[in-house]
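*Asks:* Input file: target05.txt. Contents: compact mmCIF, C-alpha atoms.
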# COMPACT_ATOMS: atom_id res chain seq x y z
CA MET Y 22 0.00 0.00 0.00
CA GLU Y 23 2.88 2.27 0.96
CA LEU Y 24 4.65 1.41 -2.31
CA LEU Y 25 1.52 2.16 -4.29
CA ARG Y 26 1.19 5.57 -2.73
CA GLU Y 27 4.85 6.35 -3.42
CA LEU Y 28 4.39 5.35 -7.03
CA TRP Y 29 1.33 7.56 -7.26
CA GLU Y 30 3.28 10.45 -5.74
CA ALA Y 31 6.12 9.99 -8.22
CA PHE Y 32 3.66 9.79 -11.11
CA ARG Y 33 1.86 12.88 -9.85
CA GLY Y 34 5.18 14.74 -9.53
CA ALA Y 35 6.15 13.85 -13.11
CA MET Y 36 2.76 14.97 -14.42
CA VAL Y 37 2.99 18.24 -12.50
CA THR Y 38 6.45 18.92 -13.98
CA ILE Y 39 5.31 18.14 -17.53
CA GLY Y 40 2.23 20.31 -17.10
CA ASP Y 41 4.39 23.10 -15.72
CA VAL Y 42 6.74 22.87 -18.71
CA VAL Y 43 3.84 22.94 -21.16
CA LEU Y 44 2.30 25.98 -19.45
CA PHE Y 45 5.70 27.69 -19.47
CA LEU Y 46 6.05 26.92 -23.21
CA GLY Y 47 2.60 28.43 -23.75
CA ARG Y 48 3.67 31.61 -21.95
CA LEU Y 49 6.89 31.82 -24.00
CA LEU Y 50 5.02 31.31 -27.28
CA ALA Y 51 2.39 33.89 -26.33
CA TYR Y 52 5.09 36.54 -25.88
CA THR Y 53 7.16 35.45 -28.90
CA PRO Y 54 5.49 37.59 -31.63
CA ALA Y 55 5.78 40.73 -29.48
CA SER Y 56 9.44 40.01 -28.74
CA PHE Y 57 10.42 40.64 -32.37
CA ARG Y 58 9.70 44.33 -31.79
CA ARG Y 59 12.79 44.45 -29.60
CA PHE Y 60 15.01 42.64 -32.06
CA GLY Y 61 18.22 43.85 -30.46
CA LEU Y 62 17.64 41.52 -27.50
CA ILE Y 63 17.15 38.55 -29.83
CA VAL Y 64 20.25 39.45 -31.86
CA HIS Y 65 22.22 39.45 -28.63
CA GLN Y 66 20.94 35.97 -27.78
CA ILE Y 67 21.61 34.63 -31.29
CA TYR Y 68 25.14 35.86 -30.74
CA ASN Y 69 25.32 34.09 -27.38
CA ALA Y 70 23.79 30.81 -28.54
CA GLY Y 71 24.97 30.74 -32.15
CA ALA Y 72 28.05 32.76 -32.89
CA LEU Y 73 29.82 31.68 -29.71
CA SER Y 74 29.04 27.99 -30.42
CA LEU Y 75 30.39 28.29 -33.94
CA VAL Y 76 33.95 27.16 -33.28
CA ILE Y 77 33.00 24.03 -31.34
CA ILE Y 78 30.32 23.14 -33.92
CA MET Y 79 32.73 23.53 -36.83
CA LEU Y 80 35.48 21.55 -35.12
CA CYS Y 81 33.14 18.72 -34.12
CA GLY Y 82 31.51 18.72 -37.55
CA LEU Y 83 34.87 18.35 -39.24
CA PHE Y 84 35.88 15.42 -37.06
CA VAL Y 85 32.51 13.67 -37.21
CA GLY Y 86 32.67 13.96 -41.00
CA MET Y 87 36.22 12.62 -41.08
CA VAL Y 88 35.32 9.65 -38.88
CA LEU Y 89 32.31 8.99 -41.09
CA GLY Y 90 34.62 9.08 -44.10
CA LEU Y 91 36.99 6.57 -42.54
CA GLN Y 92 34.37 4.19 -41.21
CA GLY Y 93 32.22 4.47 -44.32
CA PHE Y 94 35.21 3.79 -46.54
CA ASP Y 95 36.21 0.75 -44.52
CA LEU Y 96 32.68 -0.64 -44.61
CA LEU Y 97 31.90 0.12 -48.26
CA GLN Y 98 35.28 -1.13 -49.40
CA ARG Y 99 34.28 -4.64 -48.33
CA PHE Y 100 31.52 -4.53 -50.94
CA GLY Y 101 33.76 -2.83 -53.48
CA SER Y 102 31.44 0.17 -53.61
CA GLU Y 103 33.50 2.90 -51.95
CA GLN Y 104 32.14 5.29 -54.61
CA SER Y 105 28.94 5.43 -52.56
CA LEU Y 106 30.86 6.99 -49.69
CA GLY Y 107 29.67 10.47 -50.62
CA ALA Y 108 26.04 9.43 -50.58
CA ALA Y 109 26.39 7.54 -47.30
CA ALA Y 110 28.23 10.36 -45.53
CA ALA Y 111 25.90 13.09 -46.82
CA LEU Y 112 22.71 11.24 -45.91
CA GLY Y 113 24.03 10.27 -42.49
CA LEU Y 114 25.08 13.82 -41.72
CA LEU Y 115 22.03 15.60 -43.11
CA LYS Y 116 19.40 13.34 -41.63
CA GLU Y 117 20.86 12.17 -38.33
CA LEU Y 118 24.26 13.27 -37.13
CA GLY Y 119 23.93 16.94 -38.11
CA PRO Y 120 20.77 17.75 -36.14
CA VAL Y 121 21.38 15.34 -33.22
CA VAL Y 122 25.05 16.06 -32.50
CA THR Y 123 24.41 19.79 -32.95
CA ALA Y 124 21.57 19.59 -30.42
CA LEU Y 125 23.78 17.73 -27.94
CA LEU Y 126 26.61 20.23 -28.36
CA PHE Y 127 24.15 23.12 -28.22
CA SER Y 128 22.71 21.95 -24.92
CA GLY Y 129 26.24 21.52 -23.58
CA ARG Y 130 27.56 24.85 -24.81
CA ALA Y 131 24.59 27.25 -24.99
CA GLY Y 132 21.97 25.45 -22.88
CA THR Y 133 24.13 25.35 -19.76
CA ALA Y 134 25.07 29.01 -20.23
CA LEU Y 135 21.40 29.96 -20.47
CA ALA Y 136 20.35 27.89 -17.47
CA SER Y 137 23.13 29.09 -15.19
CA GLU Y 138 22.68 32.70 -16.28
CA ILE Y 139 18.96 32.74 -15.57
CA GLY Y 140 19.43 30.64 -12.45
CA LEU Y 141 22.00 33.08 -11.12
CA MET Y 142 19.66 35.96 -11.92
CA ARG Y 143 17.07 34.17 -9.82
CA ALA Y 144 19.59 33.49 -7.01
CA THR Y 145 20.73 37.13 -6.89
CA ASP Y 146 17.10 38.36 -6.91
CA GLN Y 147 17.47 40.13 -10.26
CA LEU Y 148 14.28 38.50 -11.50
CA SER Y 149 12.39 39.67 -8.39
CA ALA Y 150 13.81 43.17 -8.91
CA MET Y 151 12.43 43.18 -12.44
CA GLN Y 152 9.03 42.13 -11.15
CA MET Y 153 9.16 45.00 -8.63
CA MET Y 154 9.71 47.37 -11.54
CA ALA Y 155 6.68 45.85 -13.30
CA VAL Y 156 8.91 44.22 -15.92
CA ASP Y 157 7.86 40.67 -16.66
CA PRO Y 158 11.07 38.58 -16.38
CA VAL Y 159 9.65 35.89 -18.68
CA ARG Y 160 9.10 38.51 -21.33
CA ARG Y 161 12.37 40.40 -20.84
CA VAL Y 162 14.79 37.54 -20.02
CA CYS Y 163 13.35 34.19 -21.10
CA VAL Y 164 11.64 34.89 -24.43
CA PRO Y 165 14.65 36.46 -26.26
CA ARG Y 166 16.85 33.56 -25.14
CA PHE Y 167 14.24 31.04 -26.23
CA VAL Y 168 13.77 32.66 -29.67
CA GLY Y 169 17.52 33.17 -30.14
CA GLY Y 170 18.13 29.46 -29.51
CA ILE Y 171 15.44 28.44 -32.00
CA ILE Y 172 16.92 30.67 -34.71
CA ALA Y 173 20.50 29.59 -34.02
CA MET Y 174 19.94 25.80 -34.00
CA PRO Y 175 19.03 25.14 -37.69
CA LEU Y 176 21.87 27.41 -38.83
CA LEU Y 177 24.33 25.58 -36.60
CA ALA Y 178 23.09 22.21 -37.84
CA ALA Y 179 23.45 23.31 -41.48
CA ILE Y 180 27.02 24.48 -40.82
CA PHE Y 181 27.75 21.20 -39.02
CA SER Y 182 26.48 19.10 -41.95
CA ALA Y 183 28.29 21.17 -44.58
CA ILE Y 184 31.60 20.99 -42.74
CA GLY Y 185 31.03 17.30 -42.02
CA ILE Y 186 30.58 16.57 -45.74
CA TYR Y 187 33.78 18.48 -46.38
CA GLY Y 188 35.51 16.35 -43.71
CA ALA Y 189 34.22 13.13 -45.27
CA GLN Y 190 35.45 14.34 -48.65
CA LEU Y 191 38.81 15.20 -47.12
CA VAL Y 192 39.31 11.67 -45.80
CA GLY Y 193 37.54 9.75 -48.58
CA VAL Y 194 38.87 11.58 -51.62
CA GLN Y 195 42.15 13.10 -50.51
CA MET Y 196 43.40 10.36 -48.20
CA MET Y 197 41.70 7.14 -49.30
CA GLY Y 198 41.58 7.91 -52.99
CA VAL Y 199 37.86 7.60 -53.75
CA ASP Y 200 37.22 9.18 -57.13
CA SER Y 201 36.14 12.78 -56.62
CA GLY Y 202 33.62 12.78 -59.48
CA GLN Y 203 32.02 9.55 -58.27
CA PHE Y 204 31.93 10.87 -54.71
CA TRP Y 205 29.99 13.99 -55.68
CA SER Y 206 27.86 12.51 -58.47
CA GLN Y 207 26.70 9.57 -56.34
CA MET Y 208 25.95 11.99 -53.51
CA ARG Y 209 23.97 14.21 -55.82
CA ALA Y 210 22.12 11.27 -57.32
CA SER Y 211 20.90 9.97 -53.97
CA VAL Y 212 20.34 13.08 -51.82
CA GLU Y 213 17.08 14.90 -52.39
CA VAL Y 214 15.76 18.26 -51.24
CA ARG Y 215 13.45 16.27 -48.97
CA ASP Y 216 16.44 14.86 -47.06
CA VAL Y 217 17.85 18.35 -46.45
CA MET Y 218 14.42 19.51 -45.27
CA GLU Y 219 14.16 16.55 -42.90
CA GLY Y 220 17.36 17.72 -41.23
CA VAL Y 221 16.12 21.31 -41.03
CA ILE Y 222 12.79 20.26 -39.49
CA LYS Y 223 14.58 18.08 -36.95
CA SER Y 224 16.98 20.81 -35.93
CA CYS Y 225 14.11 23.32 -35.57
CA VAL Y 226 12.30 20.91 -33.24
CA PHE Y 227 15.51 20.29 -31.26
CA GLY Y 228 16.02 24.05 -31.10
CA VAL Y 229 12.62 24.49 -29.47
CA THR Y 230 13.09 21.63 -26.96
CA CYS Y 231 16.69 22.41 -25.98
CA SER Y 232 16.03 26.14 -25.55
CA LEU Y 233 12.82 25.43 -23.64
CA ILE Y 234 14.52 23.01 -21.25
CA ALA Y 235 17.43 25.38 -20.62
CA VAL Y 236 15.22 28.40 -19.99
CA TYR Y 237 12.75 26.43 -17.86
CA GLU Y 238 15.45 24.85 -15.69
CA GLY Y 239 17.17 28.20 -15.20
CA TYR Y 240 13.94 30.05 -14.42
CA ASN Y 241 12.81 27.44 -11.89
CA ALA Y 242 16.24 26.87 -10.32
CA ILE Y 243 16.44 26.74 -6.55
CA PRO Y 244 18.05 30.13 -5.72
CA THR Y 245 21.22 28.73 -4.13
CA ALA Y 246 24.66 27.93 -5.51
CA GLU Y 247 23.83 24.23 -5.37
CA GLY Y 248 20.44 24.77 -6.98
CA VAL Y 249 21.93 26.62 -9.94
CA GLY Y 250 24.53 23.89 -10.41
CA ARG Y 251 21.84 21.23 -10.31
CA ALA Y 252 19.72 23.13 -12.82
CA THR Y 253 22.69 23.30 -15.20
CA THR Y 254 23.32 19.56 -14.92
CA ARG Y 255 19.64 18.76 -15.38
CA THR Y 256 19.58 20.92 -18.52
CA VAL Y 257 22.25 18.83 -20.23
CA VAL Y 258 20.89 15.46 -19.12
CA ILE Y 259 17.25 16.15 -19.92
CA SER Y 260 18.12 17.84 -23.24
CA ALA Y 261 20.19 14.85 -24.34
CA VAL Y 262 17.51 12.32 -23.41
CA VAL Y 263 14.66 14.31 -24.94
CA THR Y 264 16.68 14.98 -28.11
CA LEU Y 265 17.40 11.31 -28.71
CA LEU Y 266 13.83 10.34 -27.87
CA LEU Y 267 12.37 12.95 -30.20
CA ASP Y 268 14.88 11.98 -32.86
CA TYR Y 269 13.46 8.49 -33.03
CA MET Y 270 9.89 9.77 -33.14
CA LEU Y 271 10.69 12.37 -35.82
CA THR Y 272 12.60 9.84 -37.93
CA ALA Y 273 9.68 7.45 -37.75
CA ALA Y 274 7.28 10.25 -38.71
CA LEU Y 275 9.36 11.80 -41.50
CA LEU Y 276 10.82 8.69 -43.14
CA MET P 21 28.06 51.09 -28.45
CA ARG P 22 31.21 49.51 -29.81
CA GLN P 23 30.32 46.33 -27.94
CA THR P 24 26.86 46.18 -29.58
CA ARG P 25 28.32 46.77 -33.03
CA ALA P 26 30.76 43.90 -32.54
CA ILE P 27 27.94 41.62 -31.40
CA GLU P 28 25.73 42.58 -34.32
CA LEU P 29 28.58 42.09 -36.75
CA SER P 30 29.45 38.61 -35.54
CA THR P 31 25.76 37.66 -35.36
CA GLY P 32 25.39 38.80 -38.96
CA LEU P 33 28.42 36.79 -40.00
CA PHE P 34 27.06 33.75 -38.18
CA ALA P 35 23.67 34.06 -39.91
CA LEU P 36 25.40 34.53 -43.27
CA LEU P 37 27.55 31.46 -42.70
CA GLY P 38 24.50 29.43 -41.65
CA PHE P 39 22.51 30.34 -44.73
CA ALA P 40 25.56 29.81 -46.94
CA ALA P 41 25.86 26.29 -45.50
CA LEU P 42 22.16 25.66 -46.12
CA PHE P 43 22.51 26.96 -49.68
CA PHE P 44 25.53 24.71 -50.20
CA LEU P 45 23.56 21.69 -48.98
CA LEU P 46 20.58 22.52 -51.17
CA THR P 47 22.54 23.20 -54.36
CA GLN P 48 24.38 19.92 -54.02
CA ILE P 49 21.26 18.17 -55.17
CA THR P 50 21.28 19.82 -58.58
CA ASN P 51 23.79 18.47 -61.06
CA ARG P 52 26.84 20.64 -60.93
CA GLU P 53 29.17 20.22 -63.87
CA VAL P 54 32.76 19.25 -63.27
CA ARG P 55 34.84 21.52 -65.47
CA PHE P 56 38.44 21.40 -66.52
CA GLY P 57 38.54 25.00 -67.65
CA ASP P 58 39.49 25.57 -71.28
CA SER P 59 42.09 22.84 -71.55
CA SER P 60 39.68 20.12 -72.63
CA TYR P 61 37.87 18.88 -75.70
CA GLN P 62 34.62 17.08 -76.38
CA LEU P 63 33.96 13.66 -77.84
CA LEU P 64 30.64 12.06 -78.65
CA ALA P 65 29.83 8.39 -78.23
CA LYS P 66 26.53 6.65 -78.93
CA PHE P 67 25.59 3.57 -76.95
CA GLU P 68 22.73 1.08 -77.30
CA ASN P 69 22.38 1.00 -73.53
CA ILE P 70 24.24 3.00 -70.93
CA GLY P 71 22.95 1.12 -67.88
CA SER P 72 23.20 3.41 -64.88
CA LEU P 73 25.97 5.68 -66.19
CA LYS P 74 25.74 9.13 -64.64
CA VAL P 75 26.92 12.61 -65.51
CA GLY P 76 30.29 13.18 -63.84
CA ALA P 77 31.41 9.56 -64.19
CA PRO P 78 35.08 9.15 -65.13
CA VAL P 79 36.36 8.34 -68.60
CA SER P 80 39.43 6.18 -68.30
CA MET P 81 42.07 4.74 -70.56
CA SER P 82 44.09 1.80 -69.21
CA GLY P 83 42.60 2.66 -65.82
CA VAL P 84 43.81 6.28 -65.82
CA THR P 85 41.09 8.93 -65.59
CA ILE P 86 41.45 11.18 -68.62
CA GLY P 87 38.09 12.97 -68.53
CA ARG P 88 34.47 12.97 -67.41
CA VAL P 89 31.01 12.33 -68.77
CA GLU P 90 29.60 15.78 -69.42
CA LYS P 91 26.15 15.19 -70.82
CA ILE P 92 23.82 12.25 -71.44
CA GLU P 93 21.01 12.61 -73.96
CA PHE P 94 18.70 10.37 -75.91
CA ASP P 95 19.11 10.43 -79.68
CA SER P 96 15.59 9.83 -80.95
CA THR P 97 16.62 9.33 -84.60
CA GLU P 98 18.97 6.41 -83.91
CA TYR P 99 17.30 5.31 -80.65
CA LYS P 100 20.60 5.40 -78.83
CA ALA P 101 22.04 7.20 -75.82
CA ALA P 102 24.28 10.08 -76.91
CA VAL P 103 27.00 10.58 -74.32
CA THR P 104 29.20 13.67 -74.47
CA LEU P 105 32.65 13.15 -72.99
CA ARG P 106 35.00 15.91 -71.92
CA ILE P 107 38.63 14.86 -72.24
CA GLU P 108 41.61 16.80 -70.94
CA THR P 109 43.76 18.34 -73.69
CA ARG P 110 46.94 16.67 -72.52
CA TYR P 111 45.40 13.35 -73.54
CA SER P 112 44.84 14.49 -77.13
CA ARG P 113 46.66 11.62 -78.84
CA ILE P 114 43.77 9.14 -78.91
CA PRO P 115 43.58 7.25 -82.25
CA ASP P 116 40.34 7.98 -84.07
CA ASP P 117 39.44 4.29 -84.39
CA SER P 118 39.47 3.76 -80.61
CA ASP P 119 36.50 2.09 -78.96
CA ALA P 120 34.48 3.12 -75.91
CA SER P 121 32.87 0.63 -73.52
CA ILE P 122 30.88 1.01 -70.33
CA PHE P 123 32.28 -0.88 -67.34
CA THR P 124 31.27 -1.19 -63.72
CA ALA P 125 33.71 -0.41 -60.92
CA GLY P 126 33.42 -3.13 -58.30
CA LEU P 127 30.34 -5.17 -57.53
CA LEU P 128 28.00 -2.31 -56.61
CA GLY P 129 30.15 0.60 -57.73
CA GLY P 130 29.36 3.28 -60.22
CA GLN P 131 29.78 2.82 -63.95
CA TYR P 132 32.50 4.44 -66.02
CA ILE P 133 33.60 4.63 -69.65
CA GLY P 134 36.75 2.84 -70.67
CA ILE P 135 38.48 3.76 -73.92
CA GLY P 136 40.60 1.18 -75.70
CA PRO P 137 43.10 2.65 -78.17
CA GLY P 138 42.92 1.72 -81.84
CA GLY P 139 45.73 1.58 -84.37
CA SER P 140 45.03 4.62 -86.50
CA GLU P 141 47.66 7.25 -87.27
CA THR P 142 45.18 10.12 -86.97
CA TYR P 143 43.83 11.34 -83.65
CA PHE P 144 40.44 12.48 -82.35
CA LYS P 145 39.68 16.18 -82.68
CA ASP P 146 37.18 18.30 -80.73
CA LYS P 147 33.53 17.23 -81.23
CA ASP P 148 34.46 13.99 -83.00
CA GLN P 149 32.40 10.87 -82.56
CA ILE P 150 33.66 7.54 -81.27
CA HIS P 151 32.15 5.02 -83.68
CA PHE P 152 33.03 1.75 -81.99
CA THR P 153 31.05 1.45 -78.79
CA GLN P 154 30.03 -1.34 -76.49
CA SER P 155 26.99 -1.05 -74.24
CA ALA P 156 26.82 -1.58 -70.53
CA ILE P 157 26.30 -5.16 -69.46
CA VAL P 158 22.80 -5.42 -68.03
CA LEU P 159 22.71 -8.07 -65.35
CA GLU P 160 19.22 -9.29 -66.28
CA ASN P 161 20.29 -9.95 -69.88
CA LEU P 162 23.32 -11.81 -68.64
CA ILE P 163 21.23 -13.96 -66.29
CA SER P 164 18.62 -14.74 -68.95
CA LYS P 165 21.35 -15.69 -71.42
CA PHE P 166 22.91 -17.97 -68.82
CA LEU P 167 19.56 -19.58 -68.02
CA PHE P 168 18.75 -20.14 -71.69
CA SER P 169 22.13 -21.69 -72.33
CA LEU P 170 21.64 -23.92 -69.30
CA ALA P 171 18.22 -25.00 -70.57
CA GLY P 172 19.71 -25.64 -74.02
CA LYS P 173 22.44 -27.79 -72.51
CA ASP P 174 19.88 -29.79 -70.51
CA LYS P 175 17.88 -30.47 -73.64
CA ALA P 176 20.97 -31.48 -75.56
CA GLN P 177 21.94 -33.89 -72.78
CA GLU P 178 18.42 -35.34 -72.68
CA SER P 179 18.35 -35.94 -76.39
CA GLN P 180 21.80 -37.49 -76.19
CA GLY P 181 20.58 -39.79 -73.41
CA ALA P 182 17.54 -40.72 -75.50
CA GLU P 183 19.77 -41.53 -78.43
CA ALA P 184 21.98 -43.67 -76.25
CA LYS P 185 18.93 -45.66 -75.06
CA THR P 186 17.65 -46.27 -78.55
CA GLU P 187 21.03 -47.60 -79.45
When written as structure tokens, how does the structure in this file appear?

*Replies:*
Amino acid sequence: MELLRELWEAFRGAMVTIGDVVLFLGRLLAYTPASFRRFGLIVHQIYNAGALSLVIIMLCGLFVGMVLGLQGFDLLQRFGSEQSLGAAAALGLLKELGPVVTALLFSGRAGTALASEIGLMRATDQLSAMQMMAVDPVRRVCVPRFVGGIIAMPLLAAIFSAIGIYGAQLVGVQMMGVDSGQFWSQMRASVEVRDVMEGVIKSCVFGVTCSLIAVYEGYNAIPTAEGVGRATTRTVVISAVVTLLLDYMLTAALL
Amino acid sequence: MRQTRAIELSTGLFALLGFAALFFLLTQITNREVRFGDSSYQLLAKFENIGSLKVGAPVSMSGVTIGRVEKIEFDSTEYKAAVTLRIETRYSRIPDDSDASIFTAGLLGGQYIGIGPGGSETYFKDKDQIHFTQSAIVLENLISKFLFSLAGKDKAQESQGAEAKTE
């Protein structure tokens, strides 16, 4: 009986959290159109989430592409069809690795920054001070960060995929000696606009979820040093799990 | 003020880079021609069947890539595939009675055009046509030929057996 009640409590807690997140998302979305009037704030957040993540995204994209080139070459070579390396690397990057790895890196680089920034604002009573001045902190602090993250994510994913394809080409063509014309022509023959769009849709969805989780965790952080730290950790863990979960669902829906 | 300008500038650059990457990914789908600049010349070859030959496939001679397939069209007067090849100028000494065949690289690999040199003293010029061509080997044709020959052999053996019995 005791166990049953504990289970019920845990279930109730989870439902309360999910409901809270959904309500918070509703509030963010309600303020989103109005936030474009103060575009300077959003530009600042695109800079924070996007431009500052650029180096890590490009570096990781290059290496993921190079690994894909190596592994793909080794695998395809066994079937004597290493010419298909371009197609394999491009499809893998565009549809899966680009959006997913970008989302994971984004939550690690930008998500944690957002969560700890907002959490620290909460801990140092800056959010309460805003409320005292009749400034809605959700509107002034959370919405620009949320929108900036959503705008930055697809662009980052596109850069990741493009650099990754370059990396695969670097390893496949320059190092392993796959024919350059075959590499590109097979890629072009098998990649469609639909595949690129699938990646863009995925990264937009991941942009919404990762930004939402970061902003929510930061906004609802316990206002202590430990609480802010915990919120930051939770941001990365929950973002990673939700990203991979959503990735499966989106792949199943879009395939 | 300086700070904001710097932020706006790098945000703009980031957005530009992002859209450039997206544009790069999208334009990859369309067939982009592989060019060798001006130092190349064209040859035409007509095939009965080109299999799955694609634009951009290599043209090779003794295994060395000397050019690329530039254009593939259908010639509706001869009912053949008209393939335009672009050969680098430094490989200009190809005898004009050479033959072109379509081969497959590896088991599942892409197809390419192989040129076997002839014995003529004169060489191909720009926009010449290769007259001796051999089509791609279509696997289905090969299998059906094999099956028919197998069936023919069976019949021959049966009739031989029958003859042996009557003797």

*Asks:* Between atom CA of Gly83 of chain P and atom CA of Pro115 of chain P, what is the distance in Å, rounded to a tenth?

*Replies:*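 Interatomic distance, atom CA of Gly83 of chain P to atom CA of Pro115 of chain P: 17.1 Å.
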
*Asks:* Tyr269 of chain Y: which residues within 12 Å, counting all atoms listed in the file, same-chain residues fewer than 4 positions away excluded, as a list in words?

*Replies:* Lys116, Glu117, Val121, Lys223, Val262, Val263, Thr264, Leu265, Ala273, Ala274, Leu275 and Leu276 of chain Y

*Asks:* Dump as JSON, numbers by chain the residues of chain Y that approach chain P to within 7 Å, counting all atoms listed in the file.

*Replies:* {"Y": [64, 65, 67, 68, 72, 100, 101, 102, 104, 176, 177, 179, 180, 183, 202, 203, 206, 209, 212, 213, 214, 217]}

*Asks:* Please determine, counting all atoms listed in the file, which residue among Y:Leu97, Y:Leu62, Y:Ser105, Y:Gly86 has the shortest atom-to-atom distance to Ala210 of chain Y.

*Replies:*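 Looking at the shortest contact to Ala210 of chain Y, the residue is Y:Ser105.
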
*Asks:* For atom CA of Ser72 of chain P and atom CA of Ser121 of chain P, quote the distance in Å rounded to one decimal.

*Replies:*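 Answer for the atom CA of Ser72 of chain P to atom CA of Ser121 of chain P separation: 13.3 Å.
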
*Asks:* Just to confirm, what's the straight-line distance from atom CA of Leu89 of chain Y to atom CA of Glu219 of chain Y in Å (one decimal)?

*Replies:*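 Computing the Euclidean distance for atom CA of Leu89 of chain Y and atom CA of Glu219 of chain Y yields 19.7 Å.
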